[in-house]
Every structure is written in structure tokens, then in C-alpha cells.
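A.B. asks: First the structure, which I've put down as C-alpha cells, then a few questions once you've had a look.
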Amino acid sequence: MMWDWSFTLEILPTLASAAIITVEATLIGFVIAALLGLVLALVRIAVPWTAWPISVLVELVRSTPLLIQIFFLYFVFPKFGVVLDAFTAGVIAIGLHYAAYCSEVYRAGFDNIPRGQWEASIALNLPQWATFRDIIIPQVIPPIVPALGNYLVALFKETPLLSAIAVLELMQTAKIIGSDTFRYTEPMTLVGLFFLVMSLVSAAIIRALERLLNRRIPR
């Protein structure tokens, strides 16, 4: 049989449990990426002498494969006394990797703020943190939501790399089912459909969020 529906129903609960791990890795990794990316962009602007070191760090992270970074955290860090379980190492690696990309998105958003607004804040003697919090960041976020959303979807589709360090996420679970039963059609198809549906749902949520934020921007 090309497709066995009884087998499909049998493996669904196992794949559903693994899908939860995939979603958890995606959400935690993206929170790390979004927050750390913002911190890197803010530090580059607020502390000028850090711009060059942070730029080098960002390029280093973006120019090396994510899989190598996952292996580095999981296999190399223990040599220095830092032992992480597979899930934690994988999520941190994904978060750090995409933080480099998110920082460039934030930087582009800050660069688009008219210079006059920075100068007006200085003229009003506003503290730097208040300028960022109340004036600059609320204007930066809405236009960059689509770019951040694209990285969210890309990060989600990178989670199968966690199977390289034996994290039982969706792809690894499907591979185990296939190797145990010698049937790969059903588990791999279900995994592909899951990623497709979740990517489409994420894209729709991102578009809705973009419209909501744009409506709140005064014209």
C-alpha cells in the first residue's frame, strides 16, 4: 500500500507530541532572537565604540552554518565546563543565530528614523533610555514586523537541525518511526504538511499584526 490510513492514525499522537517540542523550540528561539537582536542594535547606537565589535560578531554568526553553531554549543562547550542538554543547546544556538539577523533588521529600522527626532529629543533633554522607549522604538517596530516575521518562519523551518543532536522534535521522531516500521511515506508527509500549515498560519498572523500596528500609527 502506498498510503496506510490505519498506520497514519496510529502515529499521529506520537507526531503530535513531537510537534509540541518543535513549536516550543521555535517560540523560545525566536524570543531569544528578537530580544537579543534588539539589545545588540540598541548597544551599537547607544555605545558607539561597540559598533565595530558587534558588527564583526554579527557577520561571524551569519557567515557560519547554524548546524556548526549547534554542534559547538553541545559538544565544545562541555570542554569548558558548560554542559547543556540537547534541547537547551539547540534552542540557544537557534536564538543566537537569528539574533544576528534580527539585529540587522532593527538597525535598518533605527536608520530610517529622521535625524530631526533624535535632535529634538536631545534639545528637550530627554534621557537616552526614554528617547528609545517612548519615541524611537514605537516607530521602529511596525515597519519591520514583516522582516521579523520572515525570520520567524525561517527559524521554524530550521528546527529539524536539532535532530542532529538527538532532540526528539518532529523530524527526528518521523525518522525514528520510519526506521522502526520501514514506512517513511506517512510520517514524512505528515511532517511536511505540519510545516506547511504552520508556516501559512504564521504568515497570516504576521500580516494581521502588521495591519493592526499600521492602523495605530498616527498619520
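How things are named: the first chain in the C-alpha cells is A, the next is B, and so on; residues count from 1 in each chain; ligands count from 1 in the order shown.
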Which residues come within 9 Å of stretch 135-139 of chain A, counting only C-alpha atoms, excluding same-chain residues fewer than 6 positions away, as a list in words?
C.D. replies: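 Counting only C-alpha atoms, the residues come to Gly109, Phe110, Ile113, Gln117, Trp118, Ser121 and Ile217 of chain A.
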A.B. asks: Within 8 Å of stretch 19-31 of chain A, which residues of stretch 166-208 of chain A show up? Give each one with its shortest atom-to-atom distance in Å (one decimal) and the two atoms involved, counting only C-alpha atoms, rows by chain then rising residue number, as a Markdown table.
C.D. replies:
```
| residue | atom | partner | partner_atom | distance |
| --- | --- | --- | --- | --- |
| A:Leu168 | CA | A:Ile21 | CA | 7.5 |
| A:Glu169 | CA | A:Thr22 | CA | 5.2 |
| A:Leu170 | CA | A:Ala19 | CA | 5.2 |
```
A.B. asks: Please identify all polymer residues within 9 Å of stretch 52-57 of chain A, counting only C-alpha atoms, omitting same-chain residues fewer than 5 positions from it, and present them as JSON, numbers by chain.
C.D. replies: {"A": [40, 41, 43, 44, 62, 100]}
A.B. asks: Can you write out the residues you just picked, keeping N, CA, C and O atoms, as a tab-separated table (two decimals), in the first residue's frame?
C.D. replies:
```tsv
chain	number	residue	atom	x	y	z
A	40	LEU	N	21.38	44.13	20.81
A	40	LEU	CA	22.58	44.38	20.01
A	40	LEU	C	22.45	45.66	19.20
A	40	LEU	O	23.40	46.46	19.12
A	41	ALA	N	21.28	45.87	18.61
A	41	ALA	CA	21.07	47.08	17.81
A	41	ALA	C	21.11	48.33	18.69
A	41	ALA	O	21.70	49.35	18.31
A	43	VAL	N	22.65	48.70	21.62
A	43	VAL	CA	24.01	48.94	22.12
A	43	VAL	C	24.88	49.56	21.02
A	43	VAL	O	25.69	50.46	21.29
A	44	ARG	N	24.71	49.12	19.79
A	44	ARG	CA	25.51	49.68	18.69
A	44	ARG	C	25.26	51.17	18.52
A	44	ARG	O	26.17	51.92	18.18
A	62	ARG	N	26.41	35.14	11.21
A	62	ARG	CA	25.63	34.98	9.99
A	62	ARG	C	26.38	34.21	8.92
A	62	ARG	O	25.76	33.62	8.03
A	100	ALA	N	21.45	37.54	15.26
A	100	ALA	CA	22.33	38.30	14.38
A	100	ALA	C	21.54	38.89	13.22
A	100	ALA	O	21.74	40.05	12.84
```
A.B. asks: May I have the residues within 9 Å of A:Val191 as a JSON list (two decimals) with C-alpha atoms, in the first residue's frame, using only C-alpha atoms and disregarding those fewer than 3 positions away in the same chain?
C.D. replies:
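Result went into out.json, see below:
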```
[["chain", "number", "residue", "atom", "x", "y", "z"],
["A", 15, "LEU", "CA", 3.97, 13.08, 15.94],
["A", 19, "ALA", "CA", 5.21, 18.83, 17.18],
["A", 170, "LEU", "CA", 9.11, 16.40, 14.73],
["A", 171, "MET", "CA", 11.62, 15.39, 12.06],
["A", 174, "ALA", "CA", 9.38, 10.84, 11.98],
["A", 186, "GLU", "CA", 3.16, 8.63, 6.04],
["A", 187, "PRO", "CA", 5.39, 10.20, 8.74],
["A", 188, "MET", "CA", 7.37, 12.35, 6.31],
["A", 194, "PHE", "CA", 2.60, 20.28, 9.51],
["A", 195, "PHE", "CA", 5.38, 22.64, 8.46],
["A", 196, "LEU", "CA", 3.33, 23.90, 5.54]]
```
A.B. asks: Taking into account only C-alpha atoms, which residue in the set A:Gln69, A:Ser103, A:Thr131, A:Thr14 is nearest to A:Ile177?
C.D. replies: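 Residue with the minimum atom-to-atom distance to A:Ile177: A:Thr14.
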A.B. asks: Rank A:Leu12, A:Gly149, A:Phe71, A:Leu35 by their smallest atom-to-atom distance to A:Ala164, using only C-alpha atoms, and report the top residue only.
C.D. replies: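 Selected residue with least distance to A:Ala164: A:Phe71.
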A.B. asks: So how far away is atom CA of A:Thr173 from atom CA of A:Ala18, in Å?
C.D. replies: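 Taking atom CA of A:Ala18 as the start and atom CA of A:Thr173 as the end point, the length is 6.6 Å.
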A.B. asks: Using only C-alpha atoms, find the one residue out of A:Val61, A:Val145, A:Ile122, A:Ile92 that sits nearest to A:Tyr74.
C.D. replies: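 Between A:Val61, A:Val145, A:Ile122, A:Ile92, the residue approaching A:Tyr74 most closely is A:Ile92.
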A.B. asks: Just want the 7 Å neighbourhood of A:Pro142, counted on only C-alpha atoms, with same-chain residues fewer than 2 positions away dropped. Output as an NGL selection string.
C.D. replies: :A and (139-140 or 144-145 or 210 or 213-214)
A.B. asks: From the set A:Leu60, A:Ala99, A:Ala208, A:Leu9, which residue has the shortest atom-to-atom contact distance to A:Val39, counting only C-alpha atoms?
C.D. replies: A:Ala99
A.B. asks: Go through A:Ile176, A:Leu200, A:Ile205, A:Ala120 and flag the residue nearest A:Ile11, using only C-alpha atoms for the distances.
C.D. replies: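 Of A:Ile176, A:Leu200, A:Ile205, A:Ala120, the one nearest A:Ile11 is A:Ile176, counting only C-alpha atoms.
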A.B. asks: Return the single residue from A:Glu59, A:Asp85, A:Asp180, A:Glu119 that is closest to A:Tyr101, with distances computed using only C-alpha atoms.
C.D. replies: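 Of A:Glu59, A:Asp85, A:Asp180, A:Glu119, the one nearest A:Tyr101, counting only C-alpha atoms, is A:Glu59.
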